[in-house]
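Asks: Here it is: the structure, laid out below.
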Amino acid sequence: MKLNPQIFREYDIRGIAGTDLTEEIYERLGQAIVAYTRGKRKNNCFVVAHDGRLTSRSYAHAVMDGITGAGVNVIDIGQAPTPLCYFGLFTLPVDGGVMITASHNPKEYNGMKVAVGTSTIHGEEIQKLYRVALGDAFPKARKPVTVTRMDLLPKYLARVARGIHVKRRLKVVVDAGNGASGPVGVPLYEQLGCEVIPLYCDVDGRFPNHHPDPTVPKNLTKLIATVKRTGADCGIGFDGDGDRIGVVNEKGEVIFGDKLLILFARHILKAEPGATIISEVKGSRTLYADIEAHGGKAIMWRTGHSLIKAAMKKFNAQLAGEMSGHMFFKHRWYGFDDGSYAGCRLLEILSRSPDANAVLNALPNSFSTPELNVKCAEGESPALIEQAIAMAGTTFAAPAVISTIDGLRIDWPDGFGLIRGSNTTPVLVLRFEGQNETALHRIQDAMLALLTRVKPDAKIETAAH
């Protein structure tokens with residue numbers, strides 16, 4: 001069987017449905033997962049879920065055929081957002097799980113996220129799975145196996161309700177973008193006592209209203225307009241598989257991931273003084289400074305949900321977050337990225353103040369660019385980053401501080417610049433920030449001058465995930 005190696009990415013498997021991925025390939029991947037986890041299973045069972053894409057249910061059946069054919073039982077929780085599958089890893093007697101999803105990719109894509117134990121595999125482990133799938137040394141079922149159909153949503157809703165306390169009734173607009181989170185987020189927030197105004201909360205894998213990615217401003221147009229029209233306290237948007245959150249305030253202003261993380265960090269640090277909190281290289285200097293100012297230990301890490309979750313375990317962090325809206329709560333939760341649950345924590349915080357907008361407006365501001373991209377040839381970006389790092393050492397002097405944990409990040413006392421290679425697409429990712437507009441322009445000009453030296457034909461575009 002031919003497998004496109006390009007679909008085996010840093011954090012998951014993702015490709016074009018019907019071309020890179022077929023039912024036969026999913027069945028093979030199910031077999032490969034069983035072989036890959038040989039010696040790591042105690043319960044001999046996996047949880048399987050799928051998002052609302054048009055091909056996802058049939059692909060879920062195919063991967064379950066592969067898993068059961070190789071002798072392992074399945075708990076099928078059906079159509080659900082990715083966080084519900086993660087919830088199953090922590091609350092069901094399983095050895096891991098498979099989520100059929102392409103997250104926020106366009107509708108013609110599909111993919112899968114694979115967990116062993118309670119951790120999603122990434123990097124070299126995904127390459128190992130690829131090598132296993134290329135072979136044919138798969139186990140065969142030697143005794144009857146079972147597929148148990150289970151609705152996990154009531155258990156999830158009950159678990160959230162035990163730990164979240166919204167003190168006053170809030171009005172919230174929820175835009176699920178026709179992704180898998182609508183049937184979760186709406187009843188969840190209503191259960192907390194909120195008035196919920198739903199937008200595109202019916203699941204439709206064609207995504208007929210807008211692309212389900214709340215980090216792209218044009219996808220928030222309807223959400224912003226509805227928040228303003230209804231006088232809602234805030235608006236919450238989800239991506240296609242529900243592991244990310246986007247937030248707008250009552251004025252319709254977007255609260256980006258690093259700013260949202262400041263709010264969450266401040267409240268957790270009141271309960272857990274000195275707690276470790278992690279973000280990634282695209283995060284604001286303001287974020288890291290605010291965590292330290294409120295008594296926390298701030299750690300900058302590599303971008304990527306699987307990498308962040310691994311770092312949380314390594315450093316025993318209570319909270320982590322990314323610019324893209326992945327929010328990971330270990331404090332009072334399980335440590336996985338969950339857009340719906342992050343919304344609960346936001347509503348809980350806002351409900352403690354008589355003016356939700358005042359809470360969001362009190363967060364520190366900085367001047368920054370959106371995420372910018374430079375398209376590259378396949379496989380070109382690593383070499384460009386290496387050249388940029390080498391040149392940076394002789395180009396920038398103190399007080400510039402150079403970090404190479406994930407690409408090239410240079411911090412100055414009044415801002416930072418970032419050039420890194422995406423792990424999912426052949427692009428360079430850029431972001432620049434300054435404490436004022438003058439600092440922003442100075443830093444951006446310096447970083448772009450360096451970029452031009454390593455890639456003279458660079459064309460900068462605003463990211464459209």
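Chain labels A, B, ... are given in the sequence in which chains occur in the structure tokens; within each chain residues are numbered consecutively from 1, and ligands are likewise numbered from 1 in the order shown.
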If DSSP is run on the backbone, what residues of segment 62-298 of chain A are helix (DSSP H, G or I)? A reply as number ranges by chain would be ideal.

Replies: A: 62-69, 82-91, 124-134, 153-163, 182-191, 217-230, 257-271, 285-293

Asks: List every residue of segment 2-104 of chain A that has an atom at most 7 Å from any atom of segment 140-161 of chain A, and for each one report the closest atom pair and its distance in Å to one decimal, counting only C-alpha atoms, with rows sorted by chain and then by increasing residue number, as a tab-separated table.

Replies:
residue	atom	partner	partner_atom	distance
A:Thr68	CA	A:Val145	CA	6.2
A:Gly69	CA	A:Ala141	CA	5.5
A:Ala70	CA	A:Lys140	CA	4.4
A:Gly71	CA	A:Ala141	CA	3.7
A:Val72	CA	A:Val145	CA	6.4
A:Asn73	CA	A:Thr146	CA	5.0
A:Val74	CA	A:Val147	CA	4.7
A:Ile75	CA	A:Thr148	CA	4.7
A:Asp76	CA	A:Arg149	CA	4.8
A:Ile77	CA	A:Met150	CA	4.9

Asks: Selected residues, N, CA and C atoms, written as a PDB file, in the first residue's frame, please.

Replies:
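As a result, selection-v8.pdb now contains:
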ATOM      1  N   THR A  68      -9.861  -3.500  15.512  1.00  0.00           N
ATOM      2  CA  THR A  68     -10.487  -4.739  15.985  1.00  0.00           C
ATOM      3  C   THR A  68      -9.957  -5.953  15.231  1.00  0.00           C
ATOM      4  N   GLY A  69      -9.664  -5.771  13.930  1.00  0.00           N
ATOM      5  CA  GLY A  69      -9.092  -6.882  13.174  1.00  0.00           C
ATOM      6  C   GLY A  69      -7.741  -7.314  13.703  1.00  0.00           C
ATOM      7  N   ALA A  70      -7.049  -6.376  14.359  1.00  0.00           N
ATOM      8  CA  ALA A  70      -5.754  -6.694  14.955  1.00  0.00           C
ATOM      9  C   ALA A  70      -5.881  -7.130  16.414  1.00  0.00           C
ATOM     10  N   GLY A  71      -7.131  -7.287  16.904  1.00  0.00           N
ATOM     11  CA  GLY A  71      -7.338  -7.916  18.203  1.00  0.00           C
ATOM     12  C   GLY A  71      -7.545  -6.992  19.379  1.00  0.00           C
ATOM     13  N   VAL A  72      -7.859  -5.713  19.120  1.00  0.00           N
ATOM     14  CA  VAL A  72      -8.042  -4.768  20.226  1.00  0.00           C
ATOM     15  C   VAL A  72      -9.479  -4.249  20.221  1.00  0.00           C
ATOM     16  N   ASN A  73     -10.064  -4.107  21.406  1.00  0.00           N
ATOM     17  CA  ASN A  73     -11.427  -3.607  21.551  1.00  0.00           C
ATOM     18  C   ASN A  73     -11.487  -2.095  21.331  1.00  0.00           C
ATOM     19  N   VAL A  74     -12.694  -1.601  21.059  1.00  0.00           N
ATOM     20  CA  VAL A  74     -12.896  -0.180  20.784  1.00  0.00           C
ATOM     21  C   VAL A  74     -14.093   0.329  21.580  1.00  0.00           C
ATOM     22  N   ILE A  75     -13.946   1.539  22.137  1.00  0.00           N
ATOM     23  CA  ILE A  75     -15.090   2.309  22.624  1.00  0.00           C
ATOM     24  C   ILE A  75     -15.296   3.441  21.625  1.00  0.00           C
ATOM     25  N   ASP A  76     -16.400   3.404  20.932  1.00  0.00           N
ATOM     26  CA  ASP A  76     -16.711   4.370  19.883  1.00  0.00           C
ATOM     27  C   ASP A  76     -17.617   5.450  20.469  1.00  0.00           C
ATOM     28  N   ILE A  77     -17.085   6.671  20.627  1.00  0.00           N
ATOM     29  CA  ILE A  77     -17.913   7.740  21.196  1.00  0.00           C
ATOM     30  C   ILE A  77     -18.549   8.592  20.098  1.00  0.00           C
TER      31      ILE A  77
END

Asks: Excluding Asn365 of chain A and any residue of its chain fewer than 6 positions from it, enumerate the residues within 10 Å of it, using only C-alpha atoms, and give them as a VMD selection string.

Replies: chain A and resid 259 284 286 to 287 435 to 436

Asks: Write the residues of the preceding selection, restricted to N, CA, C and O atoms, as an mmCIF file, in the first residue's frame.

Replies:
data_model
loop_
_atom_site.group_PDB
_atom_site.id
_atom_site.type_symbol
_atom_site.label_atom_id
_atom_site.label_comp_id
_atom_site.auth_asym_id
_atom_site.auth_seq_id
_atom_site.Cartn_x
_atom_site.Cartn_y
_atom_site.Cartn_z
ATOM 1 N N LYS A 259 -2.937 37.134 25.182
ATOM 2 C CA LYS A 259 -3.621 38.048 26.099
ATOM 3 C C LYS A 259 -4.627 37.288 26.966
ATOM 4 O O LYS A 259 -4.770 37.555 28.163
ATOM 5 N N SER A 284 3.635 36.888 23.478
ATOM 6 C CA SER A 284 4.076 38.247 23.761
ATOM 7 C C SER A 284 5.092 38.311 24.905
ATOM 8 O O SER A 284 5.011 37.549 25.877
ATOM 9 N N THR A 286 4.976 40.692 26.855
ATOM 10 C CA THR A 286 4.078 41.148 27.914
ATOM 11 C C THR A 286 3.526 39.973 28.707
ATOM 12 O O THR A 286 3.388 40.037 29.932
ATOM 13 N N LEU A 287 3.222 38.886 28.028
ATOM 14 C CA LEU A 287 2.709 37.684 28.690
ATOM 15 C C LEU A 287 3.711 37.149 29.700
ATOM 16 O O LEU A 287 3.377 36.928 30.877
ATOM 17 N N GLN A 435 6.681 47.557 22.446
ATOM 18 C CA GLN A 435 5.873 48.182 23.494
ATOM 19 C C GLN A 435 5.228 49.472 23.005
ATOM 20 O O GLN A 435 4.305 49.994 23.629
ATOM 21 N N ASN A 436 5.702 49.965 21.867
ATOM 22 C CA ASN A 436 5.052 51.083 21.198
ATOM 23 C C ASN A 436 5.281 50.926 19.695
ATOM 24 O O ASN A 436 6.011 50.011 19.260
#

Asks: Per residue of segment 26-119 of chain A within 10 Å of segment 206-220 of chain A, which atom pair is closest and at what distance in Å (one decimal), using only C-alpha atoms, listed by chain and increasing number, as JSON lines?

Replies:
{"residue": "A:Gly52", "atom": "CA", "partner": "A:Arg206", "partner_atom": "CA", "distance": 8.9}
{"residue": "A:Arg53", "atom": "CA", "partner": "A:Arg206", "partner_atom": "CA", "distance": 7.1}
{"residue": "A:Leu54", "atom": "CA", "partner": "A:Arg206", "partner_atom": "CA", "distance": 7.2}
{"residue": "A:Ser103", "atom": "CA", "partner": "A:Pro212", "partner_atom": "CA", "distance": 8.6}
{"residue": "A:His104", "atom": "CA", "partner": "A:Asp213", "partner_atom": "CA", "distance": 5.6}
{"residue": "A:Asn105", "atom": "CA", "partner": "A:Pro212", "partner_atom": "CA", "distance": 8.2}
{"residue": "A:Pro106", "atom": "CA", "partner": "A:His211", "partner_atom": "CA", "distance": 7.2}
{"residue": "A:Lys107", "atom": "CA", "partner": "A:Arg206", "partner_atom": "CA", "distance": 6.0}
{"residue": "A:Glu108", "atom": "CA", "partner": "A:Arg206", "partner_atom": "CA", "distance": 8.8}

Asks: Keeping all heavy atoms, export the residues of the selection given above as a PDB file, in the first residue's frame.

Replies:
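Output below, filename selection_4.pdb:
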ATOM      1  N   GLY A  52     -17.010  16.334  12.315  1.00  0.00           N
ATOM      2  CA  GLY A  52     -18.179  16.383  11.454  1.00  0.00           C
ATOM      3  C   GLY A  52     -17.889  16.447   9.969  1.00  0.00           C
ATOM      4  O   GLY A  52     -18.815  16.705   9.178  1.00  0.00           O
ATOM      5  N   ARG A  53     -16.667  16.223   9.553  1.00  0.00           N
ATOM      6  CA  ARG A  53     -16.355  16.244   8.121  1.00  0.00           C
ATOM      7  C   ARG A  53     -17.114  15.137   7.399  1.00  0.00           C
ATOM      8  O   ARG A  53     -17.431  14.088   7.980  1.00  0.00           O
ATOM      9  CB  ARG A  53     -14.850  16.102   7.913  1.00  0.00           C
ATOM     10  CG  ARG A  53     -14.092  17.330   8.385  1.00  0.00           C
ATOM     11  CD  ARG A  53     -12.589  17.137   8.437  1.00  0.00           C
ATOM     12  NE  ARG A  53     -11.999  18.349   9.001  1.00  0.00           N
ATOM     13  CZ  ARG A  53     -11.575  19.385   8.287  1.00  0.00           C
ATOM     14  NH1 ARG A  53     -11.632  19.334   6.956  1.00  0.00           N
ATOM     15  NH2 ARG A  53     -11.085  20.461   8.872  1.00  0.00           N
ATOM     16  N   LEU A  54     -17.356  15.361   6.131  1.00  0.00           N
ATOM     17  CA  LEU A  54     -18.223  14.444   5.388  1.00  0.00           C
ATOM     18  C   LEU A  54     -17.655  13.034   5.302  1.00  0.00           C
ATOM     19  O   LEU A  54     -18.403  12.070   5.173  1.00  0.00           O
ATOM     20  CB  LEU A  54     -18.470  15.004   3.984  1.00  0.00           C
ATOM     21  CG  LEU A  54     -19.116  16.396   3.924  1.00  0.00           C
ATOM     22  CD1 LEU A  54     -19.356  16.818   2.482  1.00  0.00           C
ATOM     23  CD2 LEU A  54     -20.437  16.427   4.707  1.00  0.00           C
ATOM     24  N   SER A 103      -8.794  19.071  12.000  1.00  0.00           N
ATOM     25  CA  SER A 103      -8.812  20.305  12.767  1.00  0.00           C
ATOM     26  C   SER A 103      -9.484  21.429  11.984  1.00  0.00           C
ATOM     27  O   SER A 103     -10.640  21.324  11.607  1.00  0.00           O
ATOM     28  CB  SER A 103      -7.385  20.677  13.184  1.00  0.00           C
ATOM     29  OG  SER A 103      -7.375  21.790  14.044  1.00  0.00           O
ATOM     30  N   HIS A 104      -8.740  22.509  11.701  1.00  0.00           N
ATOM     31  CA  HIS A 104      -9.303  23.671  11.016  1.00  0.00           C
ATOM     32  C   HIS A 104      -8.917  23.708   9.538  1.00  0.00           C
ATOM     33  O   HIS A 104      -9.139  24.728   8.884  1.00  0.00           O
ATOM     34  CB  HIS A 104      -8.804  24.950  11.697  1.00  0.00           C
ATOM     35  CG  HIS A 104      -7.307  25.061  11.716  1.00  0.00           C
ATOM     36  ND1 HIS A 104      -6.542  24.449  12.681  1.00  0.00           N
ATOM     37  CD2 HIS A 104      -6.446  25.675  10.886  1.00  0.00           C
ATOM     38  CE1 HIS A 104      -5.266  24.700  12.443  1.00  0.00           C
ATOM     39  NE2 HIS A 104      -5.179  25.447  11.360  1.00  0.00           N
ATOM     40  N   ASN A 105      -8.351  22.621   9.023  1.00  0.00           N
ATOM     41  CA  ASN A 105      -8.009  22.598   7.596  1.00  0.00           C
ATOM     42  C   ASN A 105      -9.269  22.707   6.725  1.00  0.00           C
ATOM     43  O   ASN A 105     -10.374  22.417   7.183  1.00  0.00           O
ATOM     44  CB  ASN A 105      -7.272  21.305   7.250  1.00  0.00           C
ATOM     45  CG  ASN A 105      -5.778  21.418   7.459  1.00  0.00           C
ATOM     46  OD1 ASN A 105      -5.333  21.927   8.484  1.00  0.00           O
ATOM     47  ND2 ASN A 105      -5.002  20.934   6.518  1.00  0.00           N
ATOM     48  N   PRO A 106      -9.108  23.087   5.447  1.00  0.00           N
ATOM     49  CA  PRO A 106     -10.271  23.166   4.546  1.00  0.00           C
ATOM     50  C   PRO A 106     -11.024  21.847   4.465  1.00  0.00           C
ATOM     51  O   PRO A 106     -10.513  20.783   4.815  1.00  0.00           O
ATOM     52  CB  PRO A 106      -9.634  23.539   3.203  1.00  0.00           C
ATOM     53  CG  PRO A 106      -8.384  24.272   3.569  1.00  0.00           C
ATOM     54  CD  PRO A 106      -7.875  23.594   4.817  1.00  0.00           C
ATOM     55  N   LYS A 107     -12.264  21.924   3.963  1.00  0.00           N
ATOM     56  CA  LYS A 107     -13.194  20.795   4.023  1.00  0.00           C
ATOM     57  C   LYS A 107     -12.723  19.565   3.260  1.00  0.00           C
ATOM     58  O   LYS A 107     -13.164  18.453   3.553  1.00  0.00           O
ATOM     59  CB  LYS A 107     -14.561  21.221   3.508  1.00  0.00           C
ATOM     60  CG  LYS A 107     -14.560  21.713   2.067  1.00  0.00           C
ATOM     61  CD  LYS A 107     -15.930  22.235   1.663  1.00  0.00           C
ATOM     62  CE  LYS A 107     -15.949  22.784   0.245  1.00  0.00           C
ATOM     63  NZ  LYS A 107     -17.276  23.331  -0.127  1.00  0.00           N
ATOM     64  N   GLU A 108     -11.828  19.733   2.280  1.00  0.00           N
ATOM     65  CA  GLU A 108     -11.380  18.579   1.496  1.00  0.00           C
ATOM     66  C   GLU A 108     -10.334  17.739   2.237  1.00  0.00           C
ATOM     67  O   GLU A 108      -9.945  16.674   1.773  1.00  0.00           O
ATOM     68  CB  GLU A 108     -10.808  19.031   0.148  1.00  0.00           C
ATOM     69  CG  GLU A 108      -9.600  19.942   0.222  1.00  0.00           C
ATOM     70  CD  GLU A 108      -9.960  21.405   0.215  1.00  0.00           C
ATOM     71  OE1 GLU A 108     -11.117  21.745   0.580  1.00  0.00           O
ATOM     72  OE2 GLU A 108      -9.083  22.235  -0.138  1.00  0.00           O
TER      73      GLU A 108
END

Asks: Using atom CA of Ala49 of chain A and atom CA of Val184 of chain A as the two end points, give the distance in Å to one decimal.

Replies: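 If I compute the distance from atom CA of Ala49 of chain A to atom CA of Val184 of chain A, I get 14.1 Å.
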
Asks: Using only C-alpha atoms, which of A:Gly407, A:Gly179, A:Pro83, A:Gly111 sits nearest Ser340 of chain A?

Replies: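 Of A:Gly407, A:Gly179, A:Pro83, A:Gly111, the one nearest Ser340 of chain A, counting only C-alpha atoms, is A:Pro83.
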
Asks: At what distance in Å, to one decimal, does atom CA of Trp412 of chain A lie from atom CA of Gly434 of chain A?

Replies: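 Rounded to one decimal, the two atoms are 8.9 Å apart.
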
Asks: Near Phe46 of chain A, within 6 Å and counting only C-alpha atoms, which residues show up once chain neighbours fewer than 3 positions away are dropped, as a list in words?

Replies: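 Once the adjacent positions are removed, what remains is Val74, Val94, Asp95, Gly96 and Gly97 of chain A.
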
Asks: Can you write out the residues you just picked, keeping N, CA and C atoms, as a PDB file, in the first residue's frame?

Replies:
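And here's out_19.pdb as it stands now:
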ATOM      1  N   VAL A  74     -12.694  -1.601  21.059  1.00  0.00           N
ATOM      2  CA  VAL A  74     -12.896  -0.180  20.784  1.00  0.00           C
ATOM      3  C   VAL A  74     -14.093   0.329  21.580  1.00  0.00           C
ATOM      4  N   VAL A  94      -9.007   2.655  28.860  1.00  0.00           N
ATOM      5  CA  VAL A  94      -8.434   2.520  27.523  1.00  0.00           C
ATOM      6  C   VAL A  94      -6.920   2.717  27.575  1.00  0.00           C
ATOM      7  N   ASP A  95      -6.265   2.284  26.518  1.00  0.00           N
ATOM      8  CA  ASP A  95      -4.809   2.404  26.404  1.00  0.00           C
ATOM      9  C   ASP A  95      -4.385   3.565  25.517  1.00  0.00           C
ATOM     10  N   GLY A  96      -5.356   4.246  24.942  1.00  0.00           N
ATOM     11  CA  GLY A  96      -5.066   5.342  24.026  1.00  0.00           C
ATOM     12  C   GLY A  96      -6.299   5.648  23.213  1.00  0.00           C
ATOM     13  N   GLY A  97      -6.107   6.454  22.170  1.00  0.00           N
ATOM     14  CA  GLY A  97      -7.264   6.826  21.388  1.00  0.00           C
ATOM     15  C   GLY A  97      -6.910   7.333  20.010  1.00  0.00           C
TER      16      GLY A  97
END

Asks: Pick out the closest residue to Arg285 of chain A from this set: A:Arg168, A:Lys222, A:Arg244, A:Arg431. Count only C-alpha atoms.

Replies: A:Arg431
